[in-house]
Amino acid sequence: MPPSDPAQIAHDGRQRRLLVVLALGFIVFAAAAAALYYILQPETLRIAVGPAGSDDQQVVEAMAEAFGEESRSVRLSPITTEGAAESLALLGAGKADLAVGRGDLSMPSDAQTLAVLRKNYVVLWTHSGRPGKDSPKKATGKISEIADLAGHKVGIIGRTGANLALLRTVLIGSGVEPDKVATVQFGTDQVEKLAQDTTLDAYLTVGPLDSRITADAIAATSRSRGAPKFLPVDASEAIALRHPRYEAEEIPGSVFNANPAWPEDKVDTISVSHLIVARRGLSEAKAAAFYRQLFAVRDTITRRVAGAAHIIKPDTEKEAEPSVHRGAAAVINGTERTFLDKYSDYFWFALLLLSGIGSAAAWLRRYLNRDDRDDTTSHRNRILAVVSELRDAGSEQDLLLSQQEVDAIIGETLKCYDDGAIEGEDLAAFGLVLELFDHAVAERRAALQSGPADQAKTPGPTLASRR
C-alpha cells in the first residue's frame, strides 16, 4: 500500500496515539513504584548522646549497629556531644530526633520518654573511722542518718551540677538546710583521691546498682576510712511525691559486697532515670517502630555492651515527668492502631485517585481517538448516502461498485475497533447502518431483475422494507 494511502496514514496515527497512552501508563507506574520504594525505605533517626566514651555513648553505638544489622524500618545516626545537657539542647533545637539525658535535667518543654536507658540510684554512706588515722570525733561515727550531715562535708562523685542539685533535694526533703552541708565534687576518675581526702565525712554517688564507679568508691573508702555505713533516705516517698522526676527505691542488701555485706540490709533511697527522649512532634508510627525495634534487639545489644541490660520500658501506669510518648505507650498498652486503622484513609484516597486516573485515561483515550470517531461518523453517513444512491442504480455493476465502497469502509472501521479507537456502542450503531444498506441492495437487485416495467413501479427502499 503506498505511503500516501489515507487508511495507512490513519492506522499510523492510531499506533502513535497508542504508544503515547502506553508511555503515560509507564510513567504513572514508575512514579507509583518510586513512591512505594521511598515509603519502604528505613527511617533514620538522629540520636544525641554524650560524652564520648561514656556508658551511654557505648550503649547507643551498639544500638545503632544492631539496628543497622536487623532493622528494616528504623536506623540510628548517633551524634556525640559533650554531655546530656548538650544532647537535650540539640533535641530542643530540632537538630536531633532523639536524645539521651538524665530525667532531672532541664529538658525541652515538649520532650517525652521513649525508653529508660538505666536507673541511677542515690547511694549515701559514711565511714566508721580507723583508730590512729582519724580524729576521735570522726572515729565515733556520729553520722547515723542524713539529718546528722549538718556541719559536715560530703564528697560527690561526678562533676555534673545535677548531682549537687540532687543532694540538695535530698537534704531539704530530710529536713536539713543545704547551706549547712559543705560539698566537694570529684571526677569519676578520681575515686582514690576522694578516698584519701580525710576532710570528707560522707560520700555520694549516683549510678546503677552494678556501677563499677560506685563499687570502687565504696571499696576505696573502706580501705582508707573504715567500713561503710549507708545512710537511708527515709523521706524518699515524700521526695518522689514532690518531685515526679525522682522515684522512691530500695537498695538491696549485699548488692555492693557479699562478705562483709554492704549494705547489711535494704536501704531506702531515691532514683533518677537516664532516658531516651523524643519531642512530642515525632510521629506515633516512628516512635512505635523505634520502641519495638529497641526491645527486639536488646539482647543483641547487651551481648556487646553489658550496660544495655538496664534498658527497661517506661511506666505508663503513673504520671511521671517527662510523660511517655504516645507511640511507645500504644505499644506498651497494646492500643497501637492496626495497619488498616492507620492507613484506611489512604486506601480510600488511593481508590478515589485510581478511579480518577481511570476516568482521566478514558477521557484522554477518547480525546486522542477523536479523529477516528469522526471518521467512523463520516463513514456511517457515507453509507447512508450510498443507500440513497442505490435507488438510482441502473445496473448490477452499480450495485457491485457500491458494495465494494462499503466493504472498504467496513474494513477501515473494524481496524479502528481492533486498535481501540472506537467503542463497542459505536460499532453497534455502525451495524444498524450496514443492515439498512443490505436491505437496500437486496431490494434494488430484485427490482433490476424484475424488468423495466416493474422498475418503474418500484419507488425504491421504503421505510417498512428497511425495518
# chains A, B, ... in the order shown; residues from 1 in each chain; ligands from 1

$ closest_atom_pairs --of "range 56-142 of chain A" --to "range 303-312 of chain A" --cutoff "6 Å" --atoms "only C-alpha atoms" --output "Markdown table"
| residue | atom | partner | partner_atom | distance |
| --- | --- | --- | --- | --- |
| A:Val59 | CA | A:Ala308 | CA | 5.9 |
| A:Val116 | CA | A:Ile312 | CA | 5.3 |
| A:Leu117 | CA | A:Ile311 | CA | 4.5 |
| A:Arg118 | CA | A:His310 | CA | 4.9 |

$ residues_around --residues "Ala248 in chain A" --least-positions-apart "5" --cutoff "8 Å" --atoms "only C-alpha atoms" --output "list of chain:residue names"
A:Ser236, A:Glu237, A:Ile239, A:Ala240, A:Asp268, A:Thr269, A:Ile270, A:Ser271

$ write_last_selection --atoms "N, CA and C atoms" --output "CSV table (one decimal), in the first residue's frame"
chain,number,residue,atom,x,y,z
A,236,SER,N,12.2,9.3,101.2
A,236,SER,CA,12.2,9.0,99.7
A,236,SER,C,10.8,9.1,99.1
A,237,GLU,N,9.8,8.6,99.7
A,237,GLU,CA,8.5,8.6,99.1
A,237,GLU,C,7.9,10.1,99.0
A,239,ILE,N,9.8,12.8,98.9
A,239,ILE,CA,10.6,13.5,97.9
A,239,ILE,C,10.1,13.1,96.5
A,240,ALA,N,9.8,11.8,96.2
A,240,ALA,CA,9.3,11.4,94.9
A,240,ALA,C,7.9,12.0,94.7
A,268,ASP,N,16.5,2.5,102.1
A,268,ASP,CA,15.7,3.4,101.3
A,268,ASP,C,16.5,4.4,100.6
A,269,THR,N,16.1,4.7,99.4
A,269,THR,CA,16.8,5.8,98.6
A,269,THR,C,15.9,6.3,97.5
A,270,ILE,N,16.4,7.2,96.7
A,270,ILE,CA,15.6,7.6,95.5
A,270,ILE,C,16.5,7.4,94.3
A,271,SER,N,15.8,7.3,93.2
A,271,SER,CA,16.5,7.1,91.9
A,271,SER,C,16.1,8.1,90.9

$ closest_atom_pairs --of "range 118-181 of chain A" --to "range 222-228 of chain A" --cutoff "7 Å" --atoms "only C-alpha atoms" --output "tab-separated table"
residue	atom	partner	partner_atom	distance
A:Trp125	CA	A:Pro228	CA	6.1
A:Thr126	CA	A:Pro228	CA	5.7
A:His127	CA	A:Pro228	CA	4.7
A:Ser128	CA	A:Gly226	CA	5.1
A:Gly129	CA	A:Gly226	CA	5.0
A:Arg130	CA	A:Gly226	CA	5.5

$ write_last_selection --atoms "N, CA and C atoms" --output "mmCIF file, in the first residue's frame"
data_model
loop_
_atom_site.group_PDB
_atom_site.id
_atom_site.type_symbol
_atom_site.label_atom_id
_atom_site.label_comp_id
_atom_site.auth_asym_id
_atom_site.auth_seq_id
_atom_site.Cartn_x
_atom_site.Cartn_y
_atom_site.Cartn_z
ATOM 1 N N TRP A 125 26.828 7.250 101.929
ATOM 2 C CA TRP A 125 27.428 6.478 103.021
ATOM 3 C C TRP A 125 28.476 7.318 103.742
ATOM 4 N N THR A 126 28.747 6.889 104.926
ATOM 5 C CA THR A 126 29.816 7.485 105.726
ATOM 6 C C THR A 126 30.782 6.377 106.106
ATOM 7 N N HIS A 127 31.786 6.694 106.932
ATOM 8 C CA HIS A 127 32.786 5.689 107.288
ATOM 9 C C HIS A 127 32.777 5.474 108.790
ATOM 10 N N SER A 128 33.286 4.330 109.202
ATOM 11 C CA SER A 128 33.321 4.020 110.629
ATOM 12 C C SER A 128 34.531 4.640 111.305
ATOM 13 N N GLY A 129 35.535 5.039 110.529
ATOM 14 C CA GLY A 129 36.756 5.612 111.087
ATOM 15 C C GLY A 129 37.765 4.528 111.438
ATOM 16 N N ARG A 130 39.059 4.845 111.335
ATOM 17 C CA ARG A 130 40.109 3.868 111.660
ATOM 18 C C ARG A 130 40.978 4.437 112.778
#

$ closest_residue --among "A:Ala235, A:His274, A:Ala440, A:Asp407" --to "Asp392 in chain A" --atoms "only C-alpha atoms"
A:Ala440

$ residues_around --residues "Ser54 in chain A" --least-positions-apart "5" --cutoff "12 Å" --atoms "only C-alpha atoms" --output "list of chain:residue names"
A:Val49, A:Val59, A:Val60, A:Glu61, A:Thr80, A:Thr81, A:Glu82, A:Gly83, A:Ala84, A:Val100, A:Thr188, A:Val305, A:Gly307

$ residues_around --residues "Arg102 in chain A" --least-positions-apart "4" --cutoff "9 Å" --atoms "only C-alpha atoms" --output "count of residues only"
10

$ atom_distance --atom1 "CA of Val191 in chain A" --atom2 "CA of Ala147 in chain A"
25.3 Å

$ decode --residues "range 270-286 of chain A" --atoms "C-alpha atoms" --output "compact mmCIF listing (two decimals), in the first residue's frame"
# COMPACT_ATOMS: atom_id res chain seq x y z
CA ILE A 270 15.63 7.63 95.51
CA SER A 271 16.49 7.10 91.88
CA VAL A 272 16.60 9.21 88.75
CA SER A 273 16.42 7.67 85.29
CA HIS A 274 18.57 8.16 82.24
CA LEU A 275 16.04 8.39 79.44
CA ILE A 276 15.83 8.15 75.69
CA VAL A 277 13.52 11.04 74.87
CA ALA A 278 11.93 12.49 71.76
CA ARG A 279 9.90 15.57 71.04
CA ARG A 280 6.14 15.26 71.10
CA GLY A 281 6.09 16.04 67.38
CA LEU A 282 7.80 12.75 66.48
CA SER A 283 5.13 10.74 64.70
CA GLU A 284 3.42 7.92 66.56
CA ALA A 285 4.46 5.44 63.88
CA LYS A 286 8.16 6.35 64.14
